[in-house]
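Some notes on the structure that comes next.
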Amino acid sequence: MTLSQAEVAPVATAPRGLRAYAQDWLPRLVLAPSFAVILLFVYGFIVFTAYLSTTNSTILPRFDFVGLVNYQKLFAQPSWWTALKNLMIFGVLYIGICTGIGLLLAIFLDQKIRGEGVLRPIYLYPMALSFIVTGTAWKWFLDPGIGLEQVVQNWGWETFTFDWIKNSRMAIYTVVIAAVWQSSGFVMAMFLAGLRGIDTEIMRAAQIDGASALKLYRRIVIPMLRPAFLSAFVVLAHLAIKSYDLVIALTGGGPGRATELPATFMYSYTFTRNQMGVGAASAVIMLAMVASIMIPYLYTELKHEARS
Amino acid sequence: MHKRFLPLIGSVAGLAMMAGAAVAQDESVEVLHWWTSGGEAAALNVLKENLEAEGVTWQDMPVAGGGGTEAMTVLRSRATSGNPPTAAQMLGYDILDWAELGVVGNLDDLAAEEGWDDVIPAALQNFSKYDGHWIAAPVNVHSTNWMWANKAIFDEVGIALPTSFDELLAALDKIKAAGYTPIAYGGQPWQDATVFEAVVVSTAGPEFYQTTLNEFDQEALTSDTMKQAFESYGKLKDYTDANTAGRDWNLATAMVMNKEAAMQFMGDWAKGEFINAGKVPNQDFLCARFPGTQGTVLFNSDQFVMFQVGDEARDAQLKLASAIEEPSFQIAFNKVKGSVPARTDIDDSEFDDCAKKGMADLAAANEGGTLYGSLAHGHGAPAAVKNAVYDVVTRFWNGDIDSADAAAEELATAVAAAQ
């Protein structure tokens, strides 16, 4: 936050007693341990992983430098390319659909309806489940033999098929379905909070000017929800990159390796397949991908905030 | 105030110390394993009870997952944190990988005392020893190239057990025409690989199996024989049902037991499931080698690797190792588990017909040099190469690789990249 002229001047001219000195340094002292811990355990270990990706580690870390061989091996794996492709599909659909459904639900719930107090927690409940439970429940629901397909066929529509989860090409979309079901309520809650924070004066002024409901939302309300969009995007993006437990519970990696995601790839190479060097390389690539999206987005958003 | 409380504090502390001392003398072993299905858990219970009779408590550490991959992950975190379990179930090359790290114990004295060198088959000892020292106690010998068939379906359709791959295809056609699911198949990578390696032996012969899936000769991996093996493997897909993806092996065995499917290609741990459900060999189910692999045994042996646990736990650990190799335990365990004993000096009279066949096959293969380590179960190659093969085989099965030719090429590349 930039200080205005008025705030800077008094501090510079007032006498610096012990109390003022302590007030300056106390916040930094209190935050120092957390800062040190984050510096070590997050950034320190990121550097450690990057270093491991240049070594020939297998079961446990080894420290012999081998250059970029692990990256070459990584990009020669067909399942890595599948994982990247799946992440793009899953990420775009998950963030897009969740944001869309969340926004829609929030706008509808904001219409001062009678059952809002009951409906809001109902939409939010899926977030309370762990991804493992979601994955397992949806696995049973989408299984052609015991789930939706069998139920609809028993009801009489005998040619109904819904075997996406057993189909190599469509299995990733079942992961999208389960993940969207889990997180839409949370996004809805965020947008609802944002909508509640909009000044009703602006809305009334626009209505007086003759704006239709659609124009009102499109031109005024949604742009004012920019901070909520940012929060939703950050949360959803990190959940999408992190998706491991959902995939494992839902498809176990999919028919064959069809629903491999970078997180499952990294885990299997580092721990199951005793190729820690390649696993570390995949983790570094994941970090690079996330950073390349998040950093510009955060930068533009925060600059926007600072300016306004 | 203090003076009044001092004797009270003193006596409480004294009691606590006594209780602590009493607890420390109670011996216990913590054992990591993945024997969580019905037949397997029943088999392990025999060991638990034997040890409890000797005053050693059993702390169970089961980690579900048929091929043991999840268990190995858990083991890694325990071992790196300096707190390994007393013993861990391990297969093949994993044992050697861990031994290389120097965290395993030494069983040489116990082995010499009980004469293990003479009674445990040489092919098994390759995995029980590292650098000439005993580090693991083998529990059993499983074989992976078996076929388990529902007798009622075979009698109804009127066919005999096939003995070659072509006879198998003919039999599958007849069973499919009769309306049953011919093959009960579980679509998990390790199961795909189990069937695939049996197909390789069946269609290309045991020596080719050794050259390709044990020694990984690049020329052999890209040869026409390998391409034909992939093609034959692909032919089996038409005879499975639509829900195979992700199915656990014991659910596929249940399909055979419940007369929904005619046969399953699985290791002899499937027999443990049949026995546990009260089925009788040659009455309810038939056992035979995968058609075309008669005379060859692809083995995997579960071994309990002993970790370095410090002197206090060593006593209990040695009792565990000794209890594992004891003949009466070997008989009791393997009867329930479906495998054959790891010792060659065991009398086979208490075993059922399929186990007797298994023991005879093992002895014959040991003599004749056709006892090969199963690649799909960690006895053909270390984890990195094994998983590389899993990848290619499962992608081929699921249609992600277009042709058998492309599959053979990919297999050769993948194996080279993982070595």
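Residues are named by chain letter and number: chains run A, B, ... in the order of the structure tokens, numbers start at 1 in each chain, and ligands are numbered from 1 in the order shown.
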Using only C-alpha atoms and a distance of at most 9 Å, pull out the residues of chain A that contact chain B, as an MDAnalysis selection string. chainID A and resid 58:60 73 76:77 79 143:145 163 165:168 251:252 254:258 269 271:275
For the selection just defined, write its residues with C-alpha atoms to a file, as a short mmCIF file (atom, residue, chain, number, x, y, z; two decimals), in the first residue's frame.
```cif
data_model
loop_
_atom_site.label_atom_id
_atom_site.label_comp_id
_atom_site.auth_asym_id
_atom_site.auth_seq_id
_atom_site.Cartn_x
_atom_site.Cartn_y
_atom_site.Cartn_z
CA THR A 58 15.96 -43.31 -7.55
CA ILE A 59 14.42 -44.66 -4.31
CA LEU A 60 15.93 -42.06 -1.99
CA LYS A 73 13.36 -38.69 -19.97
CA ALA A 76 9.91 -38.79 -23.75
CA GLN A 77 7.16 -40.41 -21.66
CA SER A 79 2.01 -40.67 -20.15
CA ASP A 143 -20.13 -47.27 -13.00
CA PRO A 144 -22.14 -48.72 -15.89
CA GLY A 145 -22.73 -52.00 -14.06
CA ASP A 163 -19.96 -45.59 -19.66
CA ILE A 165 -15.78 -43.70 -16.80
CA LYS A 166 -14.72 -46.91 -18.55
CA ASN A 167 -13.89 -45.15 -21.82
CA SER A 168 -10.29 -44.04 -22.35
CA THR A 251 -10.60 -43.83 -11.70
CA GLY A 252 -7.27 -44.91 -10.21
CA GLY A 254 -8.24 -44.18 -15.56
CA PRO A 255 -8.64 -47.04 -17.97
CA GLY A 256 -4.94 -47.71 -18.48
CA ARG A 257 -3.32 -44.30 -18.00
CA ALA A 258 -6.14 -42.26 -19.55
CA TYR A 269 7.38 -41.71 -10.51
CA PHE A 271 7.48 -43.16 -4.93
CA THR A 272 6.10 -46.16 -6.75
CA ARG A 273 8.48 -46.42 -9.66
CA ASN A 274 11.65 -45.49 -7.79
CA GLN A 275 12.53 -42.74 -10.26
#
```
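Omitting Ala43 in chain B and its sequence neighbours fewer than 3 positions away, and counting only C-alpha atoms, the residues within 12 Å are Trp35, Thr36, Ser37, Gly38, Gly39, Glu40, Val46, Leu47, Lys48, Glu49, Asn50, Val139, Asn140, Trp269, Gly272, Glu273, Ile275, Asn276, Phe329, Gln330, Ile331, Ala332, Phe333, Asn334, Lys335, Val336, Lys337, Gly338 and Ser339 of chain B.
Between CA of Arg78 in chain B and CA of Leu32 in chain B lies a distance of 10.4 Å.
Shortest separation to Pro182 in chain B among B:Leu168, B:Ser81, B:Ala406, B:Leu362 occurs at residue B:Leu168, atoms counted being only C-alpha atoms.
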Restricting the calculation to only C-alpha atoms: of A:Arg307, A:Met266, A:Phe186, A:Val176, which residue gets closest to Ser231 in chain A? A:Phe186
Report as a VMD selection string all protein, DNA and RNA residues lying within 8 Å of Ala365 in chain B, evaluated on only C-alpha atoms, omitting residues in the same chain fewer than 5 positions from it. chain B and resid 295 to 297 370 to 371
Provide the CA of Asp60 in chain B to CA of Thr194 in chain B distance in Å, to one decimal place. 28.2 Å
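Near Ala270 in chain B, within 8 Å and counting only C-alpha atoms, sit Trp148, Asn250, Thr253 and Gly338 of chain B, not including residues fewer than 6 positions from it in the same chain.
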Could you write out the selected residues, including C-alpha atoms, as an mmCIF file, in the first residue's frame?
```
data_model
loop_
_atom_site.group_PDB
_atom_site.id
_atom_site.type_symbol
_atom_site.label_atom_id
_atom_site.label_comp_id
_atom_site.auth_asym_id
_atom_site.auth_seq_id
_atom_site.Cartn_x
_atom_site.Cartn_y
_atom_site.Cartn_z
ATOM 1 C CA TRP B 148 -8.882 -70.965 -12.971
ATOM 2 C CA ASN B 250 -10.711 -60.871 -6.205
ATOM 3 C CA THR B 253 -12.404 -64.444 -9.071
ATOM 4 C CA GLY B 338 -2.972 -71.008 -2.314
#
```
Could you please write out, as number ranges by chain, every residue of range 6-237 of chain A that DSSP assigns to helix (DSSP H, G or I)? A: 6-13, 18-52, 69-75, 78-109, 116-128, 131-142, 148-154, 164-166, 171-196, 200-208, 213-224, 226-237
Would you pick out the contacts of Ala408 in chain B at 7 Å or less, using only C-alpha atoms, so that residues sharing its chain but fewer than 6 positions from it are not included, and give the list as an MDAnalysis selection string? chainID B and resid 221:222 226:227
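CA of Val415 in chain B is positioned 6.8 Å from CA of Val389 in chain B.
Between Phe65 in chain A and the residues A:Ile122, A:Leu52, A:Leu142, A:Ala306, the shortest atom-to-atom distance, using only C-alpha atoms, involves A:Leu52.
Proximity ranking of B:Leu107, B:Ala160, B:Leu375, B:Val340 relative to Asp361 in chain B places B:Val340 first, based on only C-alpha atoms.
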All residues 10 Å or closer to range 97-107 of chain A, only C-alpha atoms, same chain fewer than 4 positions away omitted, as a ChimeraX atom specification: /A:91-93,111-112,120,123,176-177,179-196,217,221-222,225,228-229,232-233,236
Suppose we keep N, CA and C atoms; can you now write the selection as a CSV table (one decimal), in the first residue's frame?
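That gives us selection-v1.csv:
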```csv
chain,number,residue,atom,x,y,z
A,91,GLY,N,-8.4,-28.6,-16.2
A,91,GLY,CA,-8.3,-27.2,-15.6
A,91,GLY,C,-9.2,-26.2,-16.2
A,92,VAL,N,-9.2,-26.2,-17.6
A,92,VAL,CA,-10.1,-25.2,-18.2
A,92,VAL,C,-11.6,-25.5,-17.9
A,93,LEU,N,-12.0,-26.7,-18.1
A,93,LEU,CA,-13.4,-27.1,-17.8
A,93,LEU,C,-13.8,-26.9,-16.4
A,111,GLN,N,-31.6,-13.0,-5.2
A,111,GLN,CA,-32.8,-12.4,-5.6
A,111,GLN,C,-33.8,-12.3,-4.4
A,112,LYS,N,-33.3,-12.4,-3.2
A,112,LYS,CA,-34.1,-12.3,-2.0
A,112,LYS,C,-35.3,-13.3,-2.1
A,120,ARG,N,-28.7,-22.3,0.6
A,120,ARG,CA,-27.3,-21.9,0.5
A,120,ARG,C,-26.5,-23.0,1.2
A,123,TYR,N,-26.2,-26.2,-1.2
A,123,TYR,CA,-25.2,-26.1,-2.3
A,123,TYR,C,-23.8,-26.1,-1.8
A,176,VAL,N,-14.0,-34.2,-14.3
A,176,VAL,CA,-14.5,-32.9,-14.3
A,176,VAL,C,-15.9,-32.8,-13.6
A,177,ILE,N,-16.7,-33.8,-13.9
A,177,ILE,CA,-18.1,-33.8,-13.3
A,177,ILE,C,-18.0,-33.8,-11.8
A,179,ALA,N,-15.5,-33.1,-9.8
A,179,ALA,CA,-14.8,-32.0,-9.2
A,179,ALA,C,-15.7,-30.8,-9.3
A,180,VAL,N,-16.5,-30.6,-10.3
A,180,VAL,CA,-17.4,-29.4,-10.4
A,180,VAL,C,-18.5,-29.5,-9.4
A,181,TRP,N,-19.0,-30.7,-9.2
A,181,TRP,CA,-20.0,-31.0,-8.2
A,181,TRP,C,-19.5,-30.6,-6.8
A,182,GLN,N,-18.2,-30.9,-6.5
A,182,GLN,CA,-17.7,-30.6,-5.2
A,182,GLN,C,-17.5,-29.1,-5.0
A,183,SER,N,-17.0,-28.4,-6.0
A,183,SER,CA,-16.5,-27.0,-5.7
A,183,SER,C,-17.5,-25.9,-6.1
A,184,SER,N,-18.5,-26.2,-6.9
A,184,SER,CA,-19.4,-25.1,-7.3
A,184,SER,C,-20.0,-24.4,-6.2
A,185,GLY,N,-20.4,-25.1,-5.1
A,185,GLY,CA,-21.0,-24.4,-4.0
A,185,GLY,C,-20.1,-23.4,-3.3
A,186,PHE,N,-18.8,-23.8,-3.3
A,186,PHE,CA,-17.9,-22.9,-2.6
A,186,PHE,C,-17.7,-21.6,-3.4
A,187,VAL,N,-17.6,-21.8,-4.8
A,187,VAL,CA,-17.5,-20.6,-5.6
A,187,VAL,C,-18.8,-19.7,-5.5
A,188,MET,N,-19.9,-20.4,-5.4
A,188,MET,CA,-21.2,-19.7,-5.2
A,188,MET,C,-21.1,-18.9,-4.0
A,189,ALA,N,-20.6,-19.4,-2.9
A,189,ALA,CA,-20.5,-18.7,-1.6
A,189,ALA,C,-19.7,-17.5,-1.8
A,190,MET,N,-18.5,-17.6,-2.5
A,190,MET,CA,-17.6,-16.5,-2.7
A,190,MET,C,-18.3,-15.4,-3.5
A,191,PHE,N,-19.0,-15.7,-4.5
A,191,PHE,CA,-19.7,-14.7,-5.4
A,191,PHE,C,-20.8,-14.1,-4.6
A,192,LEU,N,-21.5,-14.9,-3.8
A,192,LEU,CA,-22.6,-14.4,-3.0
A,192,LEU,C,-22.1,-13.3,-2.1
A,193,ALA,N,-21.0,-13.5,-1.4
A,193,ALA,CA,-20.4,-12.5,-0.5
A,193,ALA,C,-20.1,-11.3,-1.3
A,194,GLY,N,-19.5,-11.5,-2.5
A,194,GLY,CA,-19.2,-10.3,-3.3
A,194,GLY,C,-20.4,-9.5,-3.7
A,195,LEU,N,-21.5,-10.3,-4.1
A,195,LEU,CA,-22.7,-9.6,-4.5
A,195,LEU,C,-23.3,-8.8,-3.4
A,196,ARG,N,-23.2,-9.4,-2.2
A,196,ARG,CA,-23.8,-8.7,-1.0
A,196,ARG,C,-23.0,-7.4,-0.7
A,217,TYR,N,-26.5,-6.7,-14.9
A,217,TYR,CA,-25.6,-7.6,-14.4
A,217,TYR,C,-24.3,-7.6,-15.2
A,221,VAL,N,-22.6,-5.2,-12.4
A,221,VAL,CA,-22.4,-6.1,-11.3
A,221,VAL,C,-21.2,-7.0,-11.5
A,222,ILE,N,-21.1,-7.7,-12.7
A,222,ILE,CA,-20.0,-8.6,-12.9
A,222,ILE,C,-18.7,-7.9,-12.9
A,225,LEU,N,-17.4,-7.5,-9.5
A,225,LEU,CA,-17.0,-8.7,-8.8
A,225,LEU,C,-15.6,-9.2,-9.1
A,228,ALA,N,-13.7,-11.1,-6.4
A,228,ALA,CA,-14.3,-12.4,-6.2
A,228,ALA,C,-13.8,-13.4,-7.3
A,229,PHE,N,-13.8,-12.9,-8.6
A,229,PHE,CA,-13.3,-13.7,-9.6
A,229,PHE,C,-11.8,-14.1,-9.4
A,232,ALA,N,-11.8,-16.8,-6.7
A,232,ALA,CA,-12.3,-18.0,-7.2
A,232,ALA,C,-11.3,-18.7,-8.1
A,233,PHE,N,-10.6,-17.9,-8.9
A,233,PHE,CA,-9.7,-18.4,-9.9
A,233,PHE,C,-8.5,-19.0,-9.1
A,236,LEU,N,-9.6,-22.3,-7.3
A,236,LEU,CA,-9.9,-23.4,-8.2
A,236,LEU,C,-8.6,-23.9,-9.0
```
Applying 9 Å and only C-alpha atoms, which residues near Met286 in chain A remain after dropping the ones on its own chain fewer than 4 positions away? List them as a VMD selection string. chain A and resid 241 262 to 263 281 to 282 290 to 291
Resulting file, chosen residues, N, CA and C atoms, as a PDB file, in the first residue's frame:
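So result_32.pdb came out as:
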```pdb
ATOM      1  N   ILE A 241      -4.618 -28.106  -9.970  1.00  0.00           N
ATOM      2  CA  ILE A 241      -3.241 -28.592 -10.074  1.00  0.00           C
ATOM      3  C   ILE A 241      -3.022 -29.691  -9.051  1.00  0.00           C
ATOM      4  N   PRO A 262      -0.656 -34.506 -13.887  1.00  0.00           N
ATOM      5  CA  PRO A 262       0.722 -34.305 -13.430  1.00  0.00           C
ATOM      6  C   PRO A 262       0.929 -34.693 -11.968  1.00  0.00           C
ATOM      7  N   ALA A 263      -0.065 -34.457 -11.110  1.00  0.00           N
ATOM      8  CA  ALA A 263       0.108 -34.809  -9.700  1.00  0.00           C
ATOM      9  C   ALA A 263       0.237 -36.316  -9.524  1.00  0.00           C
ATOM     10  N   ALA A 281      11.656 -33.699 -11.597  1.00  0.00           N
ATOM     11  CA  ALA A 281      11.598 -32.886 -12.820  1.00  0.00           C
ATOM     12  C   ALA A 281      10.153 -32.550 -13.154  1.00  0.00           C
ATOM     13  N   SER A 282       9.245 -33.519 -13.014  1.00  0.00           N
ATOM     14  CA  SER A 282       7.840 -33.249 -13.322  1.00  0.00           C
ATOM     15  C   SER A 282       7.270 -32.228 -12.348  1.00  0.00           C
ATOM     16  N   VAL A 290       2.282 -23.444 -13.258  1.00  0.00           N
ATOM     17  CA  VAL A 290       1.440 -22.668 -12.343  1.00  0.00           C
ATOM     18  C   VAL A 290       1.923 -21.233 -12.275  1.00  0.00           C
ATOM     19  N   ALA A 291       3.243 -21.066 -12.127  1.00  0.00           N
ATOM     20  CA  ALA A 291       3.802 -19.720 -12.006  1.00  0.00           C
ATOM     21  C   ALA A 291       3.526 -18.910 -13.256  1.00  0.00           C
TER      22      ALA A 291
END
```
